[in-house]
There are 2 protein chains.
Amino acid sequence: MGSNLRVDGTRLVSRLMALAAIGATPEGGCRRLALTDEDRQGRDWLVAEMTALGLAVKIDAIGNIVGILKGREEGPAVILGSHIDTVGTGGRYDGALGVVAGVEVLATLRDAGLVPKRDLAVIAFTNEEGARFHPDMLGSYVWAGGMSVEAAHAEQDSDGAVLGTELRRIGYEGPERPGFLPAHAYLELHIEQGPVLENEGGGLGAVTGIQAICWLELTLKGRPSHAGTTPMAYRKDPGLAAARINLYANDLTRAIPGQLANSGVIRVQPANVNVVPETVVMTLDLRNPDDARLAQAEAAVRSYCAALAARDGIEIAFRDLARFPATPFTESLIATVEESAAELGLPIRRMISGAGHDAQMMSRICPTAMVFIPSIGGLSHNPAEFSTEYDIAAGANVLLNAAWRVANA
Amino acid sequence: MGSNLRVDGTRLVSRLMALAAIGATPEGGCRRLALTDEDRQGRDWLVAEMTALGLAVKIDAIGNIVGILKGREEGPAVILGSHIDTVGTGGRYDGALGVVAGVEVLATLRDAGLVPKRDLAVIAFTNEEGARFHPDMLGSYVWAGGMSVEAAHAEQDSDGAVLGTELRRIGYEGPERPGFLPAHAYLELHIEQGPVLENEGGGLGAVTGIQAICWLELTLKGRPSHAGTTPMAYRKDPGLAAARINLYANDLTRAIPGQLANSGVIRVQPANVNVVPETVVMTLDLRNPDDARLAQAEAAVRSYCAALAARDGIEIAFRDLARFPATPFTESLIATVEESAAELGLPIRRMISGAGHDAQMMSRICPTAMVFIPSIGGLSHNPAEFSTEYDIAAGANVLLNAAWRVANA
């Protein structure tokens, strides 16, 4: 295509802002929970945009929206995608960027009269956030064959609304079989949702994969007692044990390369100033790009807890909340992303994705890679989520260049 | 009176169980919240018992019930007392023991035809627990002149019920002025509510005073961030800071003699597995029998928090929830309690009270001491609260002996 072809950054951002106006919140963010009326309006907007570009628009049985630019030859398509649902207090860029940039890439090619060898498609996957229906990444999971349409349709939100019913209610249960479009490769542009790129001087990220995750819930039982009348030696305080576990998990992040740890939930019962706690429920979110190192961290936590429980007379029960192995992306496609950025003179660094993305599911069925752009202040899932037009255009141009390369290889 | 006079332990326990039947809970405990219908029934029972013994029964304007055995001479009375209200999930002994044992002491003297030199009275103070109306120890606080009747009447429970209205509703706004009976001395028998006596081989406690209390609420503000995408070095986690503060306060209990510490409340926001907390609200309950040592502990906590806040980029705000200096009881009266036990061949040890009691308020206006009996398992404010008939009788006999000594001195 020649390295001088570029997306229209201004048009791309105004498309993003048009989508962001749907479900806009007073704080400047977006609330477009999956399969709500706001999601329906966002979908209607996207379908209209795709249709206006002359794309073939298809909807599958789980509501994934697919816009296809036909290539010169028959065969598997190069798929660009992400999602347009948001969390309850979401921003304007998470997910929407990847879908709208995909549309912009196809619009740029069409405007230039360029037809790739392979089909090029954009997919907006249903319910990526998991904020309304479990699991997250549901649409891409079903697309990749990891979950049946029937099982997905049966999922209920916290108010008991059934996914399949909601899908029909908003008119997005389509006739296509999820996965109907064979995939040659999958590319996703996304905001980083973290502070690394900004703090390392800007530039883009060539995502090498998604780190492994282990979510644990620990229930610690001690013995409730009066904080005034019970000498320290007689107490069995699960609150102190929880504090030690939190700090131990934090220490592991210095001892084990790549290790992250967070205790985001700590619930104390009975929660009176003058009562030594009886029970503490706490969570640990442990992540590592390396499966073996994550296993090492988890084993260390469990071993520490066993010793602590024995020493302090506390019972500690573990429950798995989530567990995903590391998802490495495809080396040749990561290299293509790097080469595409280099050709455009854009700085890019390899990095792991800390969060899950639809690319994680698509990597089950085809070569996959992602491009990250900086998130200002590292903010995401936050109305103040922001990325600059410069970075948005840069990311979309890498997506354009990489997609063109793969679609013609 | 001769050291062979004894209370009737079986009668005392059956009186306790008769009172415990009022507001009895399926778990074997008691729910007689202040100024409820259950409290009224308990009061009616007590007034009937006092009347049957031939005591002069008087009710004051805050609902304190006073039963008086006239002595041979005019002058200030020796007062025995405690309370018959309970917490929501209370037991059968906390408070009730001191009132019912006082009645048993007067019954024993009357049965033996013994008339003391001074008046001997039993008082059941209103709303000691503070479980329904603030502050706790309200009836004795008003009796001792620390709070006006008007202010006390204006207190509201969490449902907006007004104390004065409730007092009139149950028929216990009496004509007497609180404190109308001048006090020569105050003696209170109570369960320990802790495990010390039981774990030290049983025996009684001669209470030397009530320890100083400092209740602090700390609000820690950090920066919420994604637990997958935010490197550890970029986080400002108030949950980790709270853990460090809890452990630091616990360390102080080994560094400062007599120091107790508890973090009973820990509330984390936003409380998501994968979000580094933004805010933690935690409480610290710090106690020490010595005011200076408690001040040292509090200063150490504040200094530690200041350094931690600066190092970790966390904001930490302090709020005082409660603060009481130590209340030493009267040495001569503590000695009388010890001598009374020794005369009866009962082992007794000096100890501090970890919790507040009506004696704390009465010590403002007269010489005061307390007797503790063991709480099995250290349990209190719990349906399983229990003390043996042997210990109950032993405690009541010490109360009888000490009251007789003081009433004739």
# chains A, B, ... in the order shown; residues from 1 in each chain; ligands from 1
call {"tool": "calpha_fit_rmsd", "arguments": {"fixed": "chain B", "moving": "chain A"}}
result
0.2 Å
call {"tool": "closest_atom_pairs", "arguments": {"of": "segment 112-215 of chain B", "to": "segment 241-263 of chain B", "cutoff": "12 Å", "atoms": "only C-alpha atoms", "output": "Markdown table"}}
result
| residue | atom | partner | partner_atom | distance |
| --- | --- | --- | --- | --- |
| B:Gln211 | CA | B:Gly258 | CA | 9.3 |
| B:Ala212 | CA | B:Gln259 | CA | 10.0 |
| B:Ile213 | CA | B:Leu260 | CA | 9.5 |
| B:Cys214 | CA | B:Ala261 | CA | 9.7 |
| B:Trp215 | CA | B:Asn262 | CA | 9.6 |
call {"tool": "write_last_selection", "arguments": {"atoms": "N, CA and C atoms", "output": "compact mmCIF listing (two decimals), in the first residue's frame"}}
result
# COMPACT_ATOMS: atom_id res chain seq x y z
N GLN B 211 -9.16 0.50 82.94
CA GLN B 211 -8.04 1.03 82.15
C GLN B 211 -8.48 2.19 81.24
N ALA B 212 -7.49 2.96 80.84
CA ALA B 212 -7.73 4.08 79.93
C ALA B 212 -8.00 3.56 78.52
N ILE B 213 -8.83 4.31 77.80
CA ILE B 213 -9.25 3.89 76.46
C ILE B 213 -9.00 5.02 75.46
N CYS B 214 -8.53 4.65 74.29
CA CYS B 214 -8.45 5.59 73.16
C CYS B 214 -8.93 4.85 71.91
N TRP B 215 -10.05 5.32 71.37
CA TRP B 215 -10.57 4.74 70.13
C TRP B 215 -10.32 5.72 68.99
call {"tool": "interface_residues", "arguments": {"of": "chain A", "to": "chain B", "cutoff": "7 Å", "atoms": "only C-alpha atoms", "output": "ChimeraX atom specification"}}
result
/A:193-195,227-230,232,240,243,246-247,260,262-268,271-277,283-285,287,353-355
call {"tool": "select_by_dssp", "arguments": {"residues": "segment 131-348 of chain A", "states": "strand (DSSP E)", "output": "PyMOL selection string"}}
result
chain A and resi 183-191+204-210+212-221+225-226+260-262+266-269+275-276+279-288+315-324+327-328+348
call {"tool": "closest_residue", "arguments": {"among": "B:Glu104, B:Glu129, B:Glu73, B:Asp136", "to": "Leu189 of chain B", "atoms": "only C-alpha atoms"}}
result
B:Glu104
call {"tool": "select_by_dssp", "arguments": {"residues": "segment 321-360 of chain A", "states": "helix (DSSP H, G or I)", "output": "PyMOL selection string"}}
result
chain A and resi 331-343+358-360
call {"tool": "write_last_selection", "arguments": {"atoms": "all heavy atoms", "output": "tab-separated table (two decimals), in the first residue's frame"}}
result
chain	number	residue	atom	x	y	z
A	331	GLU	N	4.51	-15.00	17.78
A	331	GLU	CA	5.77	-14.28	17.60
A	331	GLU	C	5.84	-13.58	16.24
A	331	GLU	O	6.21	-12.41	16.16
A	331	GLU	CB	6.95	-15.24	17.79
A	331	GLU	CG	8.31	-14.63	17.54
A	331	GLU	CD	8.57	-13.34	18.35
A	331	GLU	OE1	8.17	-13.28	19.52
A	331	GLU	OE2	9.17	-12.39	17.79
A	332	SER	N	5.46	-14.28	15.18
A	332	SER	CA	5.58	-13.67	13.85
A	332	SER	C	4.67	-12.45	13.72
A	332	SER	O	5.02	-11.46	13.07
A	332	SER	CB	5.23	-14.70	12.76
A	332	SER	OG	3.88	-15.15	12.94
A	333	LEU	N	3.52	-12.51	14.38
A	333	LEU	CA	2.58	-11.39	14.29
A	333	LEU	C	3.02	-10.23	15.19
A	333	LEU	O	2.84	-9.05	14.83
A	333	LEU	CB	1.18	-11.88	14.68
A	333	LEU	CG	-0.02	-11.15	14.06
A	333	LEU	CD1	0.09	-11.09	12.54
A	333	LEU	CD2	-1.31	-11.86	14.45
A	334	ILE	N	3.64	-10.55	16.32
A	334	ILE	CA	4.21	-9.49	17.18
A	334	ILE	C	5.30	-8.76	16.39
A	334	ILE	O	5.38	-7.52	16.41
A	334	ILE	CB	4.80	-10.09	18.48
A	334	ILE	CG1	3.73	-10.85	19.26
A	334	ILE	CG2	5.44	-9.00	19.35
A	334	ILE	CD1	4.28	-11.75	20.37
A	335	ALA	N	6.10	-9.54	15.67
A	335	ALA	CA	7.18	-8.95	14.85
A	335	ALA	C	6.59	-8.07	13.75
A	335	ALA	O	7.13	-6.99	13.43
A	335	ALA	CB	8.06	-10.05	14.26
A	336	THR	N	5.48	-8.50	13.17
A	336	THR	CA	4.83	-7.69	12.14
A	336	THR	C	4.37	-6.36	12.72
A	336	THR	O	4.49	-5.30	12.06
A	336	THR	CB	3.61	-8.46	11.56
A	336	THR	OG1	4.09	-9.67	10.97
A	336	THR	CG2	2.89	-7.63	10.51
A	337	VAL	N	3.83	-6.40	13.94
A	337	VAL	CA	3.42	-5.15	14.60
A	337	VAL	C	4.62	-4.24	14.79
A	337	VAL	O	4.57	-3.04	14.51
A	337	VAL	CB	2.74	-5.46	15.95
A	337	VAL	CG1	2.62	-4.20	16.82
A	337	VAL	CG2	1.35	-6.08	15.72
A	338	GLU	N	5.72	-4.80	15.27
A	338	GLU	CA	6.93	-4.00	15.48
A	338	GLU	C	7.44	-3.40	14.17
A	338	GLU	O	7.80	-2.22	14.10
A	338	GLU	CB	8.04	-4.86	16.11
A	338	GLU	CG	7.76	-5.23	17.55
A	338	GLU	CD	8.87	-6.10	18.12
A	338	GLU	OE1	9.21	-7.13	17.49
A	338	GLU	OE2	9.39	-5.76	19.20
A	339	GLU	N	7.47	-4.22	13.13
A	339	GLU	CA	7.96	-3.75	11.82
A	339	GLU	C	7.04	-2.65	11.27
A	339	GLU	O	7.51	-1.68	10.67
A	339	GLU	CB	8.04	-4.92	10.83
A	339	GLU	CG	9.15	-5.92	11.16
A	339	GLU	CD	8.87	-7.32	10.61
A	339	GLU	OE1	8.01	-7.44	9.69
A	339	GLU	OE2	9.45	-8.28	11.13
A	340	SER	N	5.74	-2.82	11.51
A	340	SER	CA	4.78	-1.82	11.01
A	340	SER	C	5.02	-0.47	11.70
A	340	SER	O	4.97	0.58	11.05
A	340	SER	CB	3.35	-2.29	11.28
A	340	SER	OG	3.10	-3.51	10.62
A	341	ALA	N	5.28	-0.51	13.00
A	341	ALA	CA	5.56	0.73	13.73
A	341	ALA	C	6.88	1.33	13.26
A	341	ALA	O	6.97	2.54	13.03
A	341	ALA	CB	5.60	0.45	15.23
A	342	ALA	N	7.88	0.47	13.10
A	342	ALA	CA	9.20	0.96	12.68
A	342	ALA	C	9.11	1.63	11.32
A	342	ALA	O	9.70	2.70	11.09
A	342	ALA	CB	10.19	-0.21	12.63
A	343	GLU	N	8.34	1.06	10.42
A	343	GLU	CA	8.19	1.64	9.08
A	343	GLU	C	7.56	3.03	9.16
A	343	GLU	O	7.86	3.91	8.36
A	343	GLU	CB	7.33	0.72	8.20
A	343	GLU	CG	7.30	1.18	6.74
A	343	GLU	CD	6.43	0.26	5.87
A	343	GLU	OE1	5.54	-0.44	6.42
A	343	GLU	OE2	6.62	0.27	4.65
A	358	ASP	N	-10.31	-9.57	24.32
A	358	ASP	CA	-10.86	-10.53	23.36
A	358	ASP	C	-9.75	-11.28	22.63
A	358	ASP	O	-9.92	-12.44	22.24
A	358	ASP	CB	-11.78	-9.80	22.37
A	358	ASP	CG	-13.06	-9.30	23.03
A	358	ASP	OD1	-13.75	-10.09	23.70
A	358	ASP	OD2	-13.38	-8.10	22.89
A	359	ALA	N	-8.60	-10.63	22.46
A	359	ALA	CA	-7.46	-11.27	21.79
A	359	ALA	C	-7.06	-12.57	22.50
A	359	ALA	O	-6.57	-13.51	21.86
A	359	ALA	CB	-6.27	-10.31	21.75
A	360	GLN	N	-7.30	-12.60	23.83
A	360	GLN	CA	-6.98	-13.81	24.59
A	360	GLN	C	-7.79	-15.00	24.07
A	360	GLN	O	-7.27	-16.10	23.95
A	360	GLN	CB	-7.32	-13.51	26.05
A	360	GLN	CG	-6.89	-14.56	27.04
A	360	GLN	CD	-7.07	-14.06	28.47
A	360	GLN	OE1	-7.32	-12.86	28.70
A	360	GLN	NE2	-6.95	-14.95	29.43
call {"tool": "residues_around", "arguments": {"residues": "Ile62 of chain B", "least_positions_apart": "5", "cutoff": "9 Å", "atoms": "only C-alpha atoms", "output": "PDB file with C-alpha atoms, in the first residue's frame"}}
result
ATOM      1  CA  PHE B 125     -28.716   1.491  86.643  1.00  0.00           C
ATOM      2  CA  THR B 126     -30.445   2.353  83.347  1.00  0.00           C
ATOM      3  CA  LEU B 138     -25.867   6.396  81.120  1.00  0.00           C
ATOM      4  CA  GLY B 139     -27.857   5.761  84.312  1.00  0.00           C
ATOM      5  CA  VAL B 142     -26.542  10.779  85.382  1.00  0.00           C
ATOM      6  CA  TRP B 143     -26.592   9.495  89.000  1.00  0.00           C
ATOM      7  CA  VAL B 149     -31.516  14.318  83.169  1.00  0.00           C
ATOM      8  CA  ALA B 152     -30.187  11.993  78.859  1.00  0.00           C
ATOM      9  CA  HIS B 153     -33.935  12.117  78.141  1.00  0.00           C
ATOM     10  CA  GLY B 164     -37.449  10.060  77.829  1.00  0.00           C
ATOM     11  CA  LEU B 167     -38.846   5.708  79.860  1.00  0.00           C
ATOM     12  CA  TYR B 172     -40.052   3.982  84.798  1.00  0.00           C
ATOM     13  CA  GLU B 173     -39.642   7.740  84.918  1.00  0.00           C
ATOM     14  CA  GLY B 174     -39.632   7.977  88.711  1.00  0.00           C
ATOM     15  CA  GLU B 176     -36.581  10.818  92.658  1.00  0.00           C
ATOM     16  CA  ARG B 177     -33.648  13.017  91.715  1.00  0.00           C
ATOM     17  CA  PRO B 178     -30.743  10.877  90.411  1.00  0.00           C
TER      18      PRO B 178
END
call {"tool": "residues_around", "arguments": {"residues": "Ile170 of chain A", "least_positions_apart": "6", "cutoff": "12 Å", "atoms": "only C-alpha atoms", "output": "PDB file with N, CA and C atoms, in the first residue's frame"}}
result
ATOM      1  N   ALA A  34     -23.449  -4.302  28.753  1.00  0.00           N
ATOM      2  CA  ALA A  34     -23.804  -5.223  27.675  1.00  0.00           C
ATOM      3  C   ALA A  34     -25.304  -5.494  27.623  1.00  0.00           C
ATOM      4  N   LEU A  35     -25.875  -5.388  26.427  1.00  0.00           N
ATOM      5  CA  LEU A  35     -27.259  -5.762  26.121  1.00  0.00           C
ATOM      6  C   LEU A  35     -28.295  -4.880  26.804  1.00  0.00           C
ATOM      7  N   THR A  36     -27.872  -3.702  27.250  1.00  0.00           N
ATOM      8  CA  THR A  36     -28.820  -2.696  27.721  1.00  0.00           C
ATOM      9  C   THR A  36     -29.270  -1.850  26.522  1.00  0.00           C
ATOM     10  N   ASP A  37     -30.194  -0.926  26.774  1.00  0.00           N
ATOM     11  CA  ASP A  37     -30.642  -0.035  25.700  1.00  0.00           C
ATOM     12  C   ASP A  37     -29.488   0.805  25.159  1.00  0.00           C
ATOM     13  N   GLU A  38     -28.557   1.192  26.051  1.00  0.00           N
ATOM     14  CA  GLU A  38     -27.409   1.977  25.600  1.00  0.00           C
ATOM     15  C   GLU A  38     -26.529   1.135  24.670  1.00  0.00           C
ATOM     16  N   ASP A  39     -26.347  -0.120  25.028  1.00  0.00           N
ATOM     17  CA  ASP A  39     -25.558  -1.016  24.173  1.00  0.00           C
ATOM     18  C   ASP A  39     -26.247  -1.145  22.805  1.00  0.00           C
ATOM     19  N   ARG A  40     -27.582  -1.295  22.824  1.00  0.00           N
ATOM     20  CA  ARG A  40     -28.333  -1.396  21.571  1.00  0.00           C
ATOM     21  C   ARG A  40     -28.107  -0.153  20.706  1.00  0.00           C
ATOM     22  N   GLN A  41     -28.167   1.029  21.324  1.00  0.00           N
ATOM     23  CA  GLN A  41     -27.940   2.265  20.550  1.00  0.00           C
ATOM     24  C   GLN A  41     -26.520   2.315  19.995  1.00  0.00           C
ATOM     25  N   GLY A  42     -25.548   1.858  20.805  1.00  0.00           N
ATOM     26  CA  GLY A  42     -24.168   1.813  20.330  1.00  0.00           C
ATOM     27  C   GLY A  42     -24.019   0.859  19.159  1.00  0.00           C
ATOM     28  N   ARG A  43     -24.688  -0.294  19.263  1.00  0.00           N
ATOM     29  CA  ARG A  43     -24.657  -1.281  18.186  1.00  0.00           C
ATOM     30  C   ARG A  43     -25.311  -0.716  16.924  1.00  0.00           C
ATOM     31  N   ASP A  44     -26.451  -0.059  17.099  1.00  0.00           N
ATOM     32  CA  ASP A  44     -27.141   0.518  15.936  1.00  0.00           C
ATOM     33  C   ASP A  44     -26.235   1.522  15.226  1.00  0.00           C
ATOM     34  N   GLY A  63     -24.634 -12.212  19.253  1.00  0.00           N
ATOM     35  CA  GLY A  63     -24.692 -10.759  19.142  1.00  0.00           C
ATOM     36  C   GLY A  63     -23.397 -10.116  18.694  1.00  0.00           C
ATOM     37  N   LEU A 163     -29.457 -13.551  29.539  1.00  0.00           N
ATOM     38  CA  LEU A 163     -28.700 -12.997  28.421  1.00  0.00           C
ATOM     39  C   LEU A 163     -29.425 -13.182  27.088  1.00  0.00           C
ATOM     40  N   GLY A 164     -29.911 -14.404  26.823  1.00  0.00           N
ATOM     41  CA  GLY A 164     -30.567 -14.654  25.541  1.00  0.00           C
ATOM     42  C   GLY A 164     -31.801 -13.775  25.366  1.00  0.00           C
TER      43      GLY A 164
END
call {"tool": "closest_residue", "arguments": {"among": "B:Thr219, B:Ser363, B:Thr165, B:Thr108", "to": "Arg319 of chain B", "atoms": "only C-alpha atoms"}}
result
B:Thr219
call {"tool": "closest_residue", "arguments": {"among": "B:Val371, B:Ala24, B:Val281, B:Ile65", "to": "Asn401 of chain B", "atoms": "only C-alpha atoms"}}
result
B:Val371
call {"tool": "residues_around", "arguments": {"residues": "Asp159 of chain A", "least_positions_apart": "4", "cutoff": "12 Å", "atoms": "only C-alpha atoms", "output": "VMD selection string"}}
result
chain A and resid 132 to 133 155 163
call {"tool": "write_last_selection", "arguments": {"atoms": "C-alpha atoms", "output": "PDB file, in the first residue's frame"}}
result
ATOM      1  CA  ARG A 132     -23.211  -7.365  33.510  1.00  0.00           C
ATOM      2  CA  PHE A 133     -22.951 -11.052  32.510  1.00  0.00           C
ATOM      3  CA  GLU A 155     -26.329 -16.581  31.736  1.00  0.00           C
ATOM      4  CA  LEU A 163     -28.700 -12.997  28.421  1.00  0.00           C
TER       5      LEU A 163
END
call {"tool": "residues_around", "arguments": {"residues": "Ala52 of chain B", "least_positions_apart": "3", "cutoff": "12 Å", "atoms": "only C-alpha atoms", "output": "mmCIF file with all heavy atoms, in the first residue's frame"}}
result
data_model
loop_
_atom_site.group_PDB
_atom_site.id
_atom_site.type_symbol
_atom_site.label_atom_id
_atom_site.label_comp_id
_atom_site.auth_asym_id
_atom_site.auth_seq_id
_atom_site.Cartn_x
_atom_site.Cartn_y
_atom_site.Cartn_z
ATOM 1 N N TRP B 45 -40.014 -7.369 87.548
ATOM 2 C CA TRP B 45 -39.593 -8.533 88.346
ATOM 3 C C TRP B 45 -38.702 -8.075 89.512
ATOM 4 O O TRP B 45 -38.878 -8.505 90.649
ATOM 5 C CB TRP B 45 -38.859 -9.523 87.433
ATOM 6 C CG TRP B 45 -38.242 -10.672 88.174
ATOM 7 C CD1 TRP B 45 -38.852 -11.858 88.496
ATOM 8 C CD2 TRP B 45 -36.917 -10.736 88.726
ATOM 9 N NE1 TRP B 45 -37.995 -12.653 89.210
ATOM 10 C CE2 TRP B 45 -36.792 -11.993 89.363
ATOM 11 C CE3 TRP B 45 -35.836 -9.848 88.742
ATOM 12 C CZ2 TRP B 45 -35.625 -12.393 90.013
ATOM 13 C CZ3 TRP B 45 -34.679 -10.249 89.379
ATOM 14 C CH2 TRP B 45 -34.566 -11.505 90.009
ATOM 15 N N LEU B 46 -37.745 -7.180 89.199
ATOM 16 C CA LEU B 46 -36.797 -6.721 90.221
ATOM 17 C C LEU B 46 -37.511 -5.944 91.332
ATOM 18 O O LEU B 46 -37.258 -6.172 92.531
ATOM 19 C CB LEU B 46 -35.715 -5.853 89.580
ATOM 20 C CG LEU B 46 -34.691 -5.245 90.543
ATOM 21 C CD1 LEU B 46 -33.890 -6.348 91.246
ATOM 22 C CD2 LEU B 46 -33.755 -4.273 89.812
ATOM 23 N N VAL B 47 -38.407 -5.068 90.920
ATOM 24 C CA VAL B 47 -39.150 -4.284 91.909
ATOM 25 C C VAL B 47 -39.969 -5.215 92.816
ATOM 26 O O VAL B 47 -40.019 -5.023 94.039
ATOM 27 C CB VAL B 47 -40.064 -3.245 91.213
ATOM 28 C CG1 VAL B 47 -41.058 -2.635 92.200
ATOM 29 C CG2 VAL B 47 -39.208 -2.160 90.546
ATOM 30 N N ALA B 48 -40.553 -6.240 92.221
ATOM 31 C CA ALA B 48 -41.331 -7.201 93.017
ATOM 32 C C ALA B 48 -40.437 -7.935 94.010
ATOM 33 O O ALA B 48 -40.810 -8.142 95.185
ATOM 34 C CB ALA B 48 -42.033 -8.196 92.076
ATOM 35 N N GLU B 49 -39.242 -8.354 93.571
ATOM 36 C CA GLU B 49 -38.301 -9.041 94.466
ATOM 37 C C GLU B 49 -37.904 -8.131 95.623
ATOM 38 O O GLU B 49 -37.862 -8.550 96.784
ATOM 39 C CB GLU B 49 -37.037 -9.455 93.692
ATOM 40 C CG GLU B 49 -37.256 -10.535 92.656
ATOM 41 C CD GLU B 49 -37.507 -11.901 93.297
ATOM 42 O OE1 GLU B 49 -36.765 -12.275 94.233
ATOM 43 O OE2 GLU B 49 -38.470 -12.581 92.881
ATOM 44 N N LEU B 55 -37.718 -4.091 101.187
ATOM 45 C CA LEU B 55 -36.876 -2.924 100.919
ATOM 46 C C LEU B 55 -37.740 -1.734 100.542
ATOM 47 O O LEU B 55 -38.841 -1.894 100.004
ATOM 48 C CB LEU B 55 -35.906 -3.218 99.772
ATOM 49 C CG LEU B 55 -35.011 -4.459 99.914
ATOM 50 C CD1 LEU B 55 -34.091 -4.590 98.706
ATOM 51 C CD2 LEU B 55 -34.213 -4.398 101.220
ATOM 52 N N ALA B 56 -37.228 -0.533 100.824
ATOM 53 C CA ALA B 56 -37.872 0.675 100.303
ATOM 54 C C ALA B 56 -37.423 0.828 98.854
ATOM 55 O O ALA B 56 -36.227 0.942 98.593
ATOM 56 C CB ALA B 56 -37.434 1.892 101.120
ATOM 57 N N VAL B 57 -38.366 0.786 97.909
ATOM 58 C CA VAL B 57 -38.016 0.827 96.479
ATOM 59 C C VAL B 57 -38.303 2.214 95.928
ATOM 60 O O VAL B 57 -39.423 2.729 96.077
ATOM 61 C CB VAL B 57 -38.795 -0.238 95.690
ATOM 62 C CG1 VAL B 57 -38.415 -0.178 94.218
ATOM 63 C CG2 VAL B 57 -38.529 -1.633 96.265
ATOM 64 N N GLY B 67 -33.249 -0.080 95.743
ATOM 65 C CA GLY B 67 -33.885 -0.789 96.864
ATOM 66 C C GLY B 67 -33.032 -0.573 98.117
ATOM 67 O O GLY B 67 -31.830 -0.849 98.094
ATOM 68 N N VAL B 103 -29.268 -8.004 95.750
ATOM 69 C CA VAL B 103 -30.545 -8.377 96.364
ATOM 70 C C VAL B 103 -30.334 -9.563 97.307
ATOM 71 O O VAL B 103 -30.857 -9.591 98.435
ATOM 72 C CB VAL B 103 -31.588 -8.710 95.273
ATOM 73 C CG1 VAL B 103 -32.832 -9.371 95.891
ATOM 74 C CG2 VAL B 103 -31.968 -7.446 94.489
ATOM 75 N N LEU B 106 -28.772 -8.505 100.600
ATOM 76 C CA LEU B 106 -29.740 -7.883 101.505
ATOM 77 C C LEU B 106 -30.713 -8.932 102.069
ATOM 78 O O LEU B 106 -31.091 -8.880 103.250
ATOM 79 C CB LEU B 106 -30.503 -6.760 100.789
ATOM 80 C CG LEU B 106 -29.860 -5.363 100.897
ATOM 81 C CD1 LEU B 106 -28.396 -5.374 100.498
ATOM 82 C CD2 LEU B 106 -30.623 -4.335 100.072
ATOM 83 N N ALA B 107 -31.077 -9.903 101.205
ATOM 84 C CA ALA B 107 -31.972 -10.972 101.670
ATOM 85 C C ALA B 107 -31.302 -11.799 102.756
ATOM 86 O O ALA B 107 -31.942 -12.193 103.750
ATOM 87 C CB ALA B 107 -32.368 -11.859 100.480
ATOM 88 N N ARG B 110 -31.288 -9.835 105.961
ATOM 89 C CA ARG B 110 -32.639 -9.776 106.518
ATOM 90 C C ARG B 110 -33.019 -11.112 107.151
ATOM 91 O O ARG B 110 -33.545 -11.175 108.277
ATOM 92 C CB ARG B 110 -33.630 -9.399 105.414
ATOM 93 C CG ARG B 110 -34.934 -8.831 105.952
ATOM 94 C CD ARG B 110 -36.087 -9.085 105.010
ATOM 95 N NE ARG B 110 -36.224 -10.525 104.720
ATOM 96 C CZ ARG B 110 -37.306 -11.065 104.210
ATOM 97 N NH1 ARG B 110 -38.345 -10.295 103.895
ATOM 98 N NH2 ARG B 110 -37.371 -12.363 103.958
#
